[in-house]
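First the structure, in the form of structure tokens, and then the observations on it.
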Amino acid sequence: MESDSYTTIKSSSQAIYKEKRSRFIAFAYPVSNQEEIKPIIDKISKEHHEARHHCYAYMIGQERMIWRVNDDGEPSGTAGRPILGQINSFGLTNILIVVSRYFGGTLLGVSGLINAYRTAAAAAIQNAEIIELTLQEFYEITYLYVSMNDVMKILKEENIVQSDQFFDLECRIKVNFRASTREKILNRLSRIEGLKYRYIETH
């Protein structure tokens, strides 16, 4: 069975690296989808509008298949790739790292830039709390009120998280559980007469 766990950072962090009067301010953010990326970059660009470059890399998904790098005007391969390299070195996903560079007047050269962006990104990660999370699947289940005790027994025994409860003659509840337990839990629930479940999302 494939692992349903992944490693990310708990909350945002930042770090500063200086090299020949250039300042590299690195920002690390936990993210869960690509839609979150642009607003964060726009916010950093606005707050640090005097910085010459805002280079970034991100990795998304438990399988670490969704990623992108951006050099934002720096020589190709000198910024985004080194940042991504640190994300990979720490084995992280669901993370965005943006490094804003304030130019200090002295050119650093290709190797100097690679080292600076890599070091700044690594420092931001080291300043964050690294955590391991499990992939959760979310479902909506509906069932008859007379089946309430049977449903609640399974939810309790399997440590299933509940939310958005609605109780009437027909009850509705949103639940989530570890992806690796899907087959066992859905098999148990499907044995309850009249119960239906609808998959919502995984994250």
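Residue names in the structure tokens use chain letters A, B, ... in the order shown, residue numbers from 1 in each chain, and ligand numbers from 1 in the order shown.
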
*Please provide the set of residues having any atom within 7 Å of range 12-21 of chain A, restricted to only C-alpha atoms, with same-chain residues fewer than 6 positions apart removed, written as a count of residues only.*
11

*asked:* Residues within 9 Å of Ala179 in chain A, please, as a ChimeraX atom specification. Count only C-alpha atoms; anything in the same chain fewer than 5 positions from it doesn't count.
replied: /A:4,134-137,202

Only C-alpha atoms, please: the residues just picked out, written as a short mmCIF file (atom, residue, chain, number, x, y, z; two decimals), in the first residue's frame.
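The resulting file, selection_25.cif, is shown below:
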```
data_model
loop_
_atom_site.label_atom_id
_atom_site.label_comp_id
_atom_site.auth_asym_id
_atom_site.auth_seq_id
_atom_site.Cartn_x
_atom_site.Cartn_y
_atom_site.Cartn_z
CA ASP A 4 -0.85 8.38 2.70
CA THR A 134 -1.82 12.34 6.50
CA LEU A 135 -3.86 12.56 3.32
CA GLN A 136 -7.52 12.93 4.25
CA GLU A 137 -10.56 11.99 2.15
CA THR A 202 -8.89 14.70 -0.92
#
```

*Between A:Ile154, A:Met65, A:Cys55, A:Leu144, single out the one closest to Asn187 in chain A, counting only C-alpha atoms.*
A:Ile154

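For the atom pair formed by CA of Tyr58 in chain A and CA of Leu113 in chain A, the distance is 18.8 Å, given to one decimal.
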
Leaving out Trp67 in chain A and any residue of its chain fewer than 3 positions from it, which residues lie within 9 Å of it when counting only C-alpha atoms, given as a PDB file with C-alpha atoms, in the first residue's frame?
```
ATOM      1  CA  ALA A  57       9.377  27.597  -6.460  1.00  0.00           C
ATOM      2  CA  TYR A  58       6.531  25.457  -5.198  1.00  0.00           C
ATOM      3  CA  MET A  59       5.655  21.796  -4.788  1.00  0.00           C
ATOM      4  CA  ILE A  60       2.087  20.573  -4.308  1.00  0.00           C
ATOM      5  CA  GLY A  61       0.447  17.214  -3.710  1.00  0.00           C
ATOM      6  CA  ARG A  64       4.945  15.676  -5.328  1.00  0.00           C
ATOM      7  CA  LEU A  84      13.172  23.916  -5.574  1.00  0.00           C
TER       8      LEU A  84
END
```

Non-local contacts of Asn176 in chain A (7 Å; only C-alpha atoms; under 5 positions in same chain excluded) as a PDB file with C-alpha atoms, in the first residue's frame:
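result.pdb was written with the following content:
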```
ATOM      1  CA  GLN A 136      -7.524  12.933   4.255  1.00  0.00           C
ATOM      2  CA  GLU A 137     -10.558  11.987   2.147  1.00  0.00           C
ATOM      3  CA  PHE A 138     -13.810  13.909   2.660  1.00  0.00           C
ATOM      4  CA  TYR A 139     -17.295  12.451   2.104  1.00  0.00           C
ATOM      5  CA  ILE A 160     -13.713   9.535  11.967  1.00  0.00           C
ATOM      6  CA  VAL A 161     -13.845  13.337  12.068  1.00  0.00           C
ATOM      7  CA  GLN A 162     -17.335  14.817  11.726  1.00  0.00           C
TER       8      GLN A 162
END
```

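Our summary of the geometry notes that CA of Asn33 in chain A is positioned 16.8 Å from CA of Ser5 in chain A.
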
*Do you have the CA of Glu132 in chain A-CA of Ala79 in chain A distance handy?*
27.1 Å

_Selection near Glu140 in chain A, 12 Å with only C-alpha atoms, sequence-local residues under 3 positions removed, as a ChimeraX atom specification_ = /A:137,143,161-166,171-177,186,189,195-201

Quick one: write out the picked residues with C-alpha atoms as a compact mmCIF listing (two decimals), in the first residue's frame?
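selection-v6.txt written:
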```
# COMPACT_ATOMS: atom_id res chain seq x y z
CA GLU A 137 -10.56 11.99 2.15
CA TYR A 143 -28.86 8.07 6.19
CA VAL A 161 -13.85 13.34 12.07
CA GLN A 162 -17.33 14.82 11.73
CA SER A 163 -18.53 18.26 10.58
CA ASP A 164 -21.57 20.00 9.06
CA GLN A 165 -24.13 17.80 10.78
CA PHE A 166 -27.83 17.97 9.89
CA CYS A 171 -29.65 12.91 8.33
CA ARG A 172 -26.63 14.36 6.59
CA ILE A 173 -23.08 14.63 7.86
CA LYS A 174 -19.67 15.49 6.43
CA VAL A 175 -16.84 13.17 7.48
CA ASN A 176 -13.14 12.77 6.78
CA PHE A 177 -10.64 10.01 7.43
CA LEU A 186 -16.79 2.64 3.26
CA LEU A 189 -20.87 2.21 6.21
CA LEU A 195 -27.03 4.93 3.76
CA LYS A 196 -25.49 6.76 0.81
CA TYR A 197 -22.10 8.44 0.56
CA ARG A 198 -20.70 11.03 -1.84
CA TYR A 199 -17.00 11.73 -2.33
CA ILE A 200 -16.10 15.42 -1.94
CA GLU A 201 -12.31 15.90 -2.05
```
